[in-house]
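Step one of this worksheet: look at the structure below.
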Amino acid sequence: MLGIFITKTKIYFLAFFICIVFSSCGNSGGDNDAKTIVKFSNIQEFTANVPLKPQSLKVIDGFVSSIKEDNKDMNTTADLLAEYSYDDIKFEKHGNTYTILNNTPTPINGLTIDYNKSDVALLKFSKQIPSFHDASFSILDSGEFNNIKYDNQMSLFLPYIQQADRINRDCTGIAGCESSPTKYQESLYRIIVLNIHNAVNELAFSKKIHSFFKDNCQNFDLCVEYMKVDPKLSYATRSTLQFGSNKHSLHLYVTQDYAYEGAGSGGRPNLDLYKDNSSGYASLYQAHVNPPKLASNDDSWNYYGFFHEICHGYFFNHAAGDSKYVKGNGASGMNSFNQYGFDKMFREWQKSNPDKDRISALKVPKIFVKAESAGSNQVILKYYYIPTNFAYDNLDVKLIANTPISGNMSVSGNEIKISLSNYLQIPLYIRSSSKDYTYESTLRLKHTKFANLKKYYIGGIKYTVLDKNEILNKNASARDVIKICSNINEPLATRAQYQILWNYLQKNNKLDELEKKVFLASDGPNGATSWRLTFTDDFMKHFSDWVDVSKPFGSDKGIVCLSPE
C-alpha cells in the first residue's frame, strides 16, 4: 500500500503506512499541539521521518575520587581477559558515594543512565574510568540518585566473549589445533571486536550493509533464495539482526600449527529471543596476530579475516554474503583475494577509522530513547538529545520485528506512542537517527514492555508478575511458557522467592492486585516437574503440589520473573 505524509508545505510518499498531521486540541492550530499519526499494517520493517522535538537530556557530573583495577575477569595464570561483554556496567551506592563497576573492555568518560526507576540522564565523569576497573565517585548535584543503571543504546552485536577454555593447550604437531590467545593476541582481538561492535551500530555502516546487499544479492546463493519468497524483512536487516544478537557466546582462539589462515563456526542466533543462547567460535592463524602485528596489519587478515571468521561464528556461510566467496567459488578459492565480499567491504570501511589500532572510549549516540509501558499492546518512547550545539530536526524512526506487525505510531512533542493490534511475543527493535548522527540509537524492547505488568521491588530484586493471558500461551507446554523469563534475561522465581513475594503482598494488603493466584516455579520435585504455588489470603500453598511441564500451561496460572532492582 502506498501512503501519503501530508504537512503544510510538503507531501512525502511512504510505503506501507499512512501519516496524517492534525491538531490534538481542537481549533488551536498551534505547532506545539500538532500530532502525527503513522499507521502500518502487516509489516516487519519500515522507517518514518517524523517531526519529533527531543528534550535536552539532564547532565549529571560524577567526581571520581579513586580508581582500582578489577581482577575478577582476569585469569592469573595466563594474565588473560577470560570473559567479558560490552554492556556489563553496574553501580553500587554506599551512603553518599557511588561505585561504578566497569566490567567491559571499553574506557568510560560518560554514559546514559536510568535512576530512581523513571529518571534518565547523561552521567559524565571527572576522570576516565579505564576498562575493567572500578571507580568511586560522588554526584555533584542535589537530589536522590538511587537504582542507577546503565541504559545502553548501542545494543547491536553484544557477544559474550569467552577465550580461556583452552589455556595451556598443547598443539605441538597438531595441524589446525586451536588454543586460547596470549595476552598480546587477545589485545588485538579486543580492538577488532570492539570496532566491529561500534561499526554495526553506526548509521553510515548500516546504510552500507543495505547498499551492499542491494547491489550484490545476486552473487550470494542464500540471499537469492531468501528473496524468492518475497520477505517483508530485507536480507540486509535480517543479517544485521542475526549478527547483532544479544549475548551470543563467542569463543576466540588462535590456530597454532598451520592448517588454514582462519576458521569459524557456530549456531544461528534466534531472533525471537531477547537474550540469545547460541554460541560459536572464531580463530586466526598465529602468524597474523603475533608481535609485531597490529590490529590493522596490511596483510588483510585481521579486520578482513577475523570479521570473516566471526561471521561464521554467527552461522553465516560463504553463500550468505559474509565472505569473499561468491556463487560457484568454494574451498578451492581459499587463496583468491579477487572476489569481493561483505568481509572485504568491512575492512575497507575500517581503513579510515582513527581507532582501528586502539581501544576507544565508550560511544554514546546523540539521541537517547526511554521506553515506558503504556497499557495493553502499547509503549511510549520519550526522546532526548545529548546537549550539544547541534540543531535537531525531524528524526528517522525505524520499527523492526521478526514477525509481521500492525498498528500505529502517534507522534507529539518528544514522544511516540506505539500501539499494536496484537500482542507481540518477540522483541521489537526501534532504531532512531538523523542523517547527521554517527551512531543510531537502537532499542531491543522485551515483549513484556507492551503488557503494563505489575512490578514489586523487594530486597533489591524486582519481581515482575506475568499473569495476563495475552502473554501466556495456554496451549503451549508449561516448559515453553516458563522459558519466557529466561528469554527476556530475567530468571523465573523459585519456590522460596515466591514465598518472599507472598509475604510482601500479604503484609502490604496487595494480594488482590494479582489477576492470577496460581504460579509455577523454576524448581520442583524433579526436572520434569515444577512446583505449583497458590496464593491464598492466609498462606502460600505449595506442599506436594506440582505440574508436569510437558503438559499445556492452561489459563489459570502465571509466572514471576526476577531482575536486579
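The way I read the labels, and the way they are meant: chains A, B, ... in the order of the C-alpha cells, residue 1 as the first residue of every chain, and ligand 1 as the first ligand shown, with later ones counted on from there.
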May I have the residues within 8 Å of stretch 355-359 of chain A as a PDB file with N, CA and C atoms, in the first residue's frame, using only C-alpha atoms and disregarding those fewer than 4 positions away in the same chain?
ATOM      1  N   PRO A 105      35.564  -4.043  28.125  1.00  0.00           N
ATOM      2  CA  PRO A 105      36.885  -3.687  27.589  1.00  0.00           C
ATOM      3  C   PRO A 105      36.988  -2.236  27.149  1.00  0.00           C
ATOM      4  N   THR A 106      35.989  -1.432  27.483  1.00  0.00           N
ATOM      5  CA  THR A 106      35.890  -0.071  26.978  1.00  0.00           C
ATOM      6  C   THR A 106      36.067   0.963  28.086  1.00  0.00           C
ATOM      7  N   PRO A 107      36.990   1.918  27.958  1.00  0.00           N
ATOM      8  CA  PRO A 107      37.067   3.026  28.923  1.00  0.00           C
ATOM      9  C   PRO A 107      35.798   3.872  28.864  1.00  0.00           C
ATOM     10  N   ARG A 190      40.655  -7.886  20.999  1.00  0.00           N
ATOM     11  CA  ARG A 190      39.775  -6.972  21.724  1.00  0.00           C
ATOM     12  C   ARG A 190      39.535  -5.693  20.915  1.00  0.00           C
ATOM     13  N   ILE A 191      40.581  -5.175  20.279  1.00  0.00           N
ATOM     14  CA  ILE A 191      40.447  -3.970  19.460  1.00  0.00           C
ATOM     15  C   ILE A 191      39.537  -4.231  18.273  1.00  0.00           C
ATOM     16  N   ILE A 192      39.754  -5.358  17.594  1.00  0.00           N
ATOM     17  CA  ILE A 192      38.978  -5.664  16.393  1.00  0.00           C
ATOM     18  C   ILE A 192      37.504  -5.866  16.725  1.00  0.00           C
ATOM     19  N   LEU A 194      35.819  -4.816  19.332  1.00  0.00           N
ATOM     20  CA  LEU A 194      35.208  -3.550  19.754  1.00  0.00           C
ATOM     21  C   LEU A 194      34.838  -2.708  18.546  1.00  0.00           C
ATOM     22  N   ASN A 195      35.712  -2.663  17.544  1.00  0.00           N
ATOM     23  CA  ASN A 195      35.418  -1.857  16.366  1.00  0.00           C
ATOM     24  C   ASN A 195      34.317  -2.482  15.506  1.00  0.00           C
ATOM     25  N   LEU A 294      49.746  -5.528  14.127  1.00  0.00           N
ATOM     26  CA  LEU A 294      48.769  -4.605  14.686  1.00  0.00           C
ATOM     27  C   LEU A 294      47.373  -5.083  14.311  1.00  0.00           C
ATOM     28  N   ALA A 295      46.386  -4.485  14.937  1.00  0.00           N
ATOM     29  CA  ALA A 295      45.015  -4.858  14.595  1.00  0.00           C
ATOM     30  C   ALA A 295      44.722  -4.576  13.127  1.00  0.00           C
ATOM     31  N   SER A 296      45.360  -3.552  12.582  1.00  0.00           N
ATOM     32  CA  SER A 296      45.107  -3.159  11.191  1.00  0.00           C
ATOM     33  C   SER A 296      46.253  -3.560  10.277  1.00  0.00           C
ATOM     34  N   GLN A 350      37.069   0.023   7.652  1.00  0.00           N
ATOM     35  CA  GLN A 350      37.899   0.286   8.823  1.00  0.00           C
ATOM     36  C   GLN A 350      39.176   1.058   8.505  1.00  0.00           C
ATOM     37  N   LYS A 351      39.563   1.121   7.241  1.00  0.00           N
ATOM     38  CA  LYS A 351      40.814   1.808   6.897  1.00  0.00           C
ATOM     39  C   LYS A 351      40.813   3.266   7.331  1.00  0.00           C
TER      40      LYS A 351
END
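Within 8 Å of stretch 472-477 of chain A there are Leu466, Asp467, Lys468, Asn469, Glu470, Arg479, Asp480, Val481, Val549, Ser550, Lys551, Pro552, Phe553, Gly554, Ser555 and Gly558 of chain A, counting only C-alpha atoms and ignoring same-chain residues fewer than 2 positions away.
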Skipping near chain neighbours, those fewer than 4 positions away, what residues fall within 12 Å of stretch 430-437 of chain A using only C-alpha atoms, listed as a PyMOL selection string? chain A and resi 44-52+54+153-156+201-207+237+241+364-371+379-386+390-401+409+416+418+441-446
Stretch 259-329 of chain A: residues DSSP assigns to strand (DSSP E or B), reported as a PyMOL selection string: chain A and resi 262-266+279-285
Using atom CA of A:Gly524 and atom CA of A:Leu492 as the two end points, give the distance in Å to one decimal. 12.3 Å
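Shortest atom-to-atom contact with A:Asn353 among A:Leu428, A:Val38, A:Ala374, A:Ala199: A:Ala199, counting only C-alpha atoms.
Reported to one decimal place, the separation of atom CA of A:Pro291 from atom CA of A:Val254 is 13.5 Å.
In this structure, atom CA of A:Gln185 sits 26.6 Å away from atom CA of A:Pro269.
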Please report, as CSV, each residue of stretch 149-214 of chain A lying at most 12 Å from stretch 123-135 of chain A, together with the nearest pair of atoms and the separation in Å rounded to one decimal; use only C-alpha atoms, and order rows by chain and ascending residue number.
residue,atom,partner,partner_atom,distance
A:Lys149,CA,A:Leu123,CA,10.7
A:Tyr150,CA,A:Leu123,CA,9.5
A:Asp151,CA,A:Leu123,CA,10.9
A:Arg190,CA,A:Ser131,CA,11.3
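Proximity of A:Glu309, A:Asp538, A:Asp272, A:Glu440 to A:Lys363, computed with only C-alpha atoms, is greatest for A:Glu440.
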Which residues are near A:Pro564? Cut-off 8 Å, only C-alpha atoms, ignore same chain within fewer than 5 positions. Put them as number ranges by chain. A: 460-462
Could you give me, as a PDB file with all heavy atoms, in the first residue's frame, the residues within 12 Å of A:Gly95, counting only C-alpha atoms and dropping anything in the same chain fewer than 2 positions from it?
ATOM      1  N   GLU A  92      26.896   0.693  42.380  1.00  0.00           N
ATOM      2  CA  GLU A  92      26.580   0.431  43.790  1.00  0.00           C
ATOM      3  C   GLU A  92      26.529   1.762  44.519  1.00  0.00           C
ATOM      4  O   GLU A  92      27.241   2.717  44.164  1.00  0.00           O
ATOM      5  CB  GLU A  92      27.645  -0.464  44.435  1.00  0.00           C
ATOM      6  CG  GLU A  92      27.722  -1.858  43.836  1.00  0.00           C
ATOM      7  CD  GLU A  92      28.852  -2.683  44.440  1.00  0.00           C
ATOM      8  OE1 GLU A  92      29.658  -2.096  45.205  1.00  0.00           O
ATOM      9  OE2 GLU A  92      28.938  -3.891  44.148  1.00  0.00           O
ATOM     10  N   LYS A  93      25.664   1.838  45.538  1.00  0.00           N
ATOM     11  CA  LYS A  93      25.566   3.053  46.353  1.00  0.00           C
ATOM     12  C   LYS A  93      26.004   2.742  47.764  1.00  0.00           C
ATOM     13  O   LYS A  93      25.597   1.734  48.349  1.00  0.00           O
ATOM     14  CB  LYS A  93      24.126   3.581  46.356  1.00  0.00           C
ATOM     15  CG  LYS A  93      23.963   4.902  47.097  1.00  0.00           C
ATOM     16  CD  LYS A  93      22.535   5.442  47.002  1.00  0.00           C
ATOM     17  CE  LYS A  93      22.416   6.785  47.720  1.00  0.00           C
ATOM     18  NZ  LYS A  93      21.038   7.328  47.649  1.00  0.00           N
ATOM     19  N   THR A  97      28.211   8.138  48.522  1.00  0.00           N
ATOM     20  CA  THR A  97      29.147   7.869  47.432  1.00  0.00           C
ATOM     21  C   THR A  97      28.660   6.679  46.614  1.00  0.00           C
ATOM     22  O   THR A  97      27.809   5.903  47.043  1.00  0.00           O
ATOM     23  CB  THR A  97      30.566   7.583  47.969  1.00  0.00           C
ATOM     24  OG1 THR A  97      30.523   6.401  48.792  1.00  0.00           O
ATOM     25  CG2 THR A  97      31.092   8.749  48.780  1.00  0.00           C
ATOM     26  N   TYR A  98      29.229   6.558  45.427  1.00  0.00           N
ATOM     27  CA  TYR A  98      28.803   5.528  44.476  1.00  0.00           C
ATOM     28  C   TYR A  98      30.030   4.827  43.916  1.00  0.00           C
ATOM     29  O   TYR A  98      31.142   5.374  43.908  1.00  0.00           O
ATOM     30  CB  TYR A  98      27.994   6.144  43.331  1.00  0.00           C
ATOM     31  CG  TYR A  98      26.812   6.948  43.785  1.00  0.00           C
ATOM     32  CD1 TYR A  98      26.959   8.279  44.197  1.00  0.00           C
ATOM     33  CD2 TYR A  98      25.533   6.398  43.821  1.00  0.00           C
ATOM     34  CE1 TYR A  98      25.880   9.027  44.623  1.00  0.00           C
ATOM     35  CE2 TYR A  98      24.441   7.136  44.238  1.00  0.00           C
ATOM     36  CZ  TYR A  98      24.624   8.451  44.643  1.00  0.00           C
ATOM     37  OH  TYR A  98      23.549   9.195  45.072  1.00  0.00           O
ATOM     38  N   THR A  99      29.818   3.627  43.414  1.00  0.00           N
ATOM     39  CA  THR A  99      30.875   2.884  42.728  1.00  0.00           C
ATOM     40  C   THR A  99      30.354   2.431  41.379  1.00  0.00           C
ATOM     41  O   THR A  99      29.242   1.904  41.280  1.00  0.00           O
ATOM     42  CB  THR A  99      31.318   1.650  43.533  1.00  0.00           C
ATOM     43  OG1 THR A  99      31.829   2.064  44.799  1.00  0.00           O
ATOM     44  CG2 THR A  99      32.398   0.875  42.783  1.00  0.00           C
ATOM     45  N   SER A 136      35.215   4.863  42.504  1.00  0.00           N
ATOM     46  CA  SER A 136      34.330   5.512  43.461  1.00  0.00           C
ATOM     47  C   SER A 136      34.112   6.955  43.016  1.00  0.00           C
ATOM     48  O   SER A 136      35.053   7.622  42.567  1.00  0.00           O
ATOM     49  CB  SER A 136      34.932   5.481  44.866  1.00  0.00           C
ATOM     50  OG  SER A 136      35.073   4.148  45.323  1.00  0.00           O
ATOM     51  N   PHE A 137      32.883   7.432  43.147  1.00  0.00           N
ATOM     52  CA  PHE A 137      32.610   8.804  42.734  1.00  0.00           C
ATOM     53  C   PHE A 137      31.459   9.365  43.565  1.00  0.00           C
ATOM     54  O   PHE A 137      30.671   8.624  44.173  1.00  0.00           O
ATOM     55  CB  PHE A 137      32.271   8.869  41.236  1.00  0.00           C
ATOM     56  CG  PHE A 137      30.978   8.196  40.847  1.00  0.00           C
ATOM     57  CD1 PHE A 137      29.800   8.921  40.713  1.00  0.00           C
ATOM     58  CD2 PHE A 137      30.934   6.833  40.603  1.00  0.00           C
ATOM     59  CE1 PHE A 137      28.609   8.309  40.354  1.00  0.00           C
ATOM     60  CE2 PHE A 137      29.752   6.203  40.231  1.00  0.00           C
ATOM     61  CZ  PHE A 137      28.589   6.946  40.107  1.00  0.00           C
ATOM     62  N   SER A 138      31.397  10.676  43.586  1.00  0.00           N
ATOM     63  CA  SER A 138      30.275  11.370  44.213  1.00  0.00           C
ATOM     64  C   SER A 138      29.566  12.186  43.145  1.00  0.00           C
ATOM     65  O   SER A 138      30.156  12.540  42.121  1.00  0.00           O
ATOM     66  CB  SER A 138      30.759  12.285  45.342  1.00  0.00           C
ATOM     67  OG  SER A 138      31.735  13.205  44.868  1.00  0.00           O
ATOM     68  N   ILE A 139      28.297  12.462  43.368  1.00  0.00           N
ATOM     69  CA  ILE A 139      27.491  13.203  42.394  1.00  0.00           C
ATOM     70  C   ILE A 139      27.376  14.653  42.833  1.00  0.00           C
ATOM     71  O   ILE A 139      26.915  14.935  43.948  1.00  0.00           O
ATOM     72  CB  ILE A 139      26.096  12.564  42.238  1.00  0.00           C
ATOM     73  CG1 ILE A 139      26.229  11.181  41.583  1.00  0.00           C
ATOM     74  CG2 ILE A 139      25.182  13.451  41.396  1.00  0.00           C
ATOM     75  CD1 ILE A 139      24.917  10.445  41.432  1.00  0.00           C
ATOM     76  N   GLU A 144      17.938  12.889  45.018  1.00  0.00           N
ATOM     77  CA  GLU A 144      18.126  11.462  45.237  1.00  0.00           C
ATOM     78  C   GLU A 144      18.578  10.792  43.937  1.00  0.00           C
ATOM     79  O   GLU A 144      18.053  11.071  42.862  1.00  0.00           O
ATOM     80  CB  GLU A 144      16.823  10.814  45.706  1.00  0.00           C
ATOM     81  CG  GLU A 144      16.412  11.209  47.119  1.00  0.00           C
ATOM     82  CD  GLU A 144      17.369  10.649  48.161  1.00  0.00           C
ATOM     83  OE1 GLU A 144      17.822   9.492  47.986  1.00  0.00           O
ATOM     84  OE2 GLU A 144      17.658  11.358  49.134  1.00  0.00           O
ATOM     85  N   PHE A 145      19.546   9.895  44.065  1.00  0.00           N
ATOM     86  CA  PHE A 145      20.034   9.125  42.928  1.00  0.00           C
ATOM     87  C   PHE A 145      20.159   7.670  43.360  1.00  0.00           C
ATOM     88  O   PHE A 145      21.200   7.224  43.838  1.00  0.00           O
ATOM     89  CB  PHE A 145      21.376   9.670  42.432  1.00  0.00           C
ATOM     90  CG  PHE A 145      21.302  11.075  41.904  1.00  0.00           C
ATOM     91  CD1 PHE A 145      21.579  12.141  42.740  1.00  0.00           C
ATOM     92  CD2 PHE A 145      20.921  11.314  40.595  1.00  0.00           C
ATOM     93  CE1 PHE A 145      21.481  13.438  42.269  1.00  0.00           C
ATOM     94  CE2 PHE A 145      20.820  12.613  40.126  1.00  0.00           C
ATOM     95  CZ  PHE A 145      21.103  13.682  40.954  1.00  0.00           C
ATOM     96  N   ASN A 146      19.062   6.938  43.190  1.00  0.00           N
ATOM     97  CA  ASN A 146      19.018   5.537  43.593  1.00  0.00           C
ATOM     98  C   ASN A 146      18.817   4.651  42.378  1.00  0.00           C
ATOM     99  O   ASN A 146      18.339   5.090  41.333  1.00  0.00           O
ATOM    100  CB  ASN A 146      17.874   5.306  44.596  1.00  0.00           C
ATOM    101  CG  ASN A 146      18.059   6.111  45.872  1.00  0.00           C
ATOM    102  OD1 ASN A 146      19.126   6.091  46.483  1.00  0.00           O
ATOM    103  ND2 ASN A 146      17.026   6.847  46.257  1.00  0.00           N
TER     104      ASN A 146
END
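Closest approach to A:Ala263 among A:Trp301, A:Tyr281, A:Trp546, A:Phe519 is made by A:Tyr281 (distances from only C-alpha atoms).
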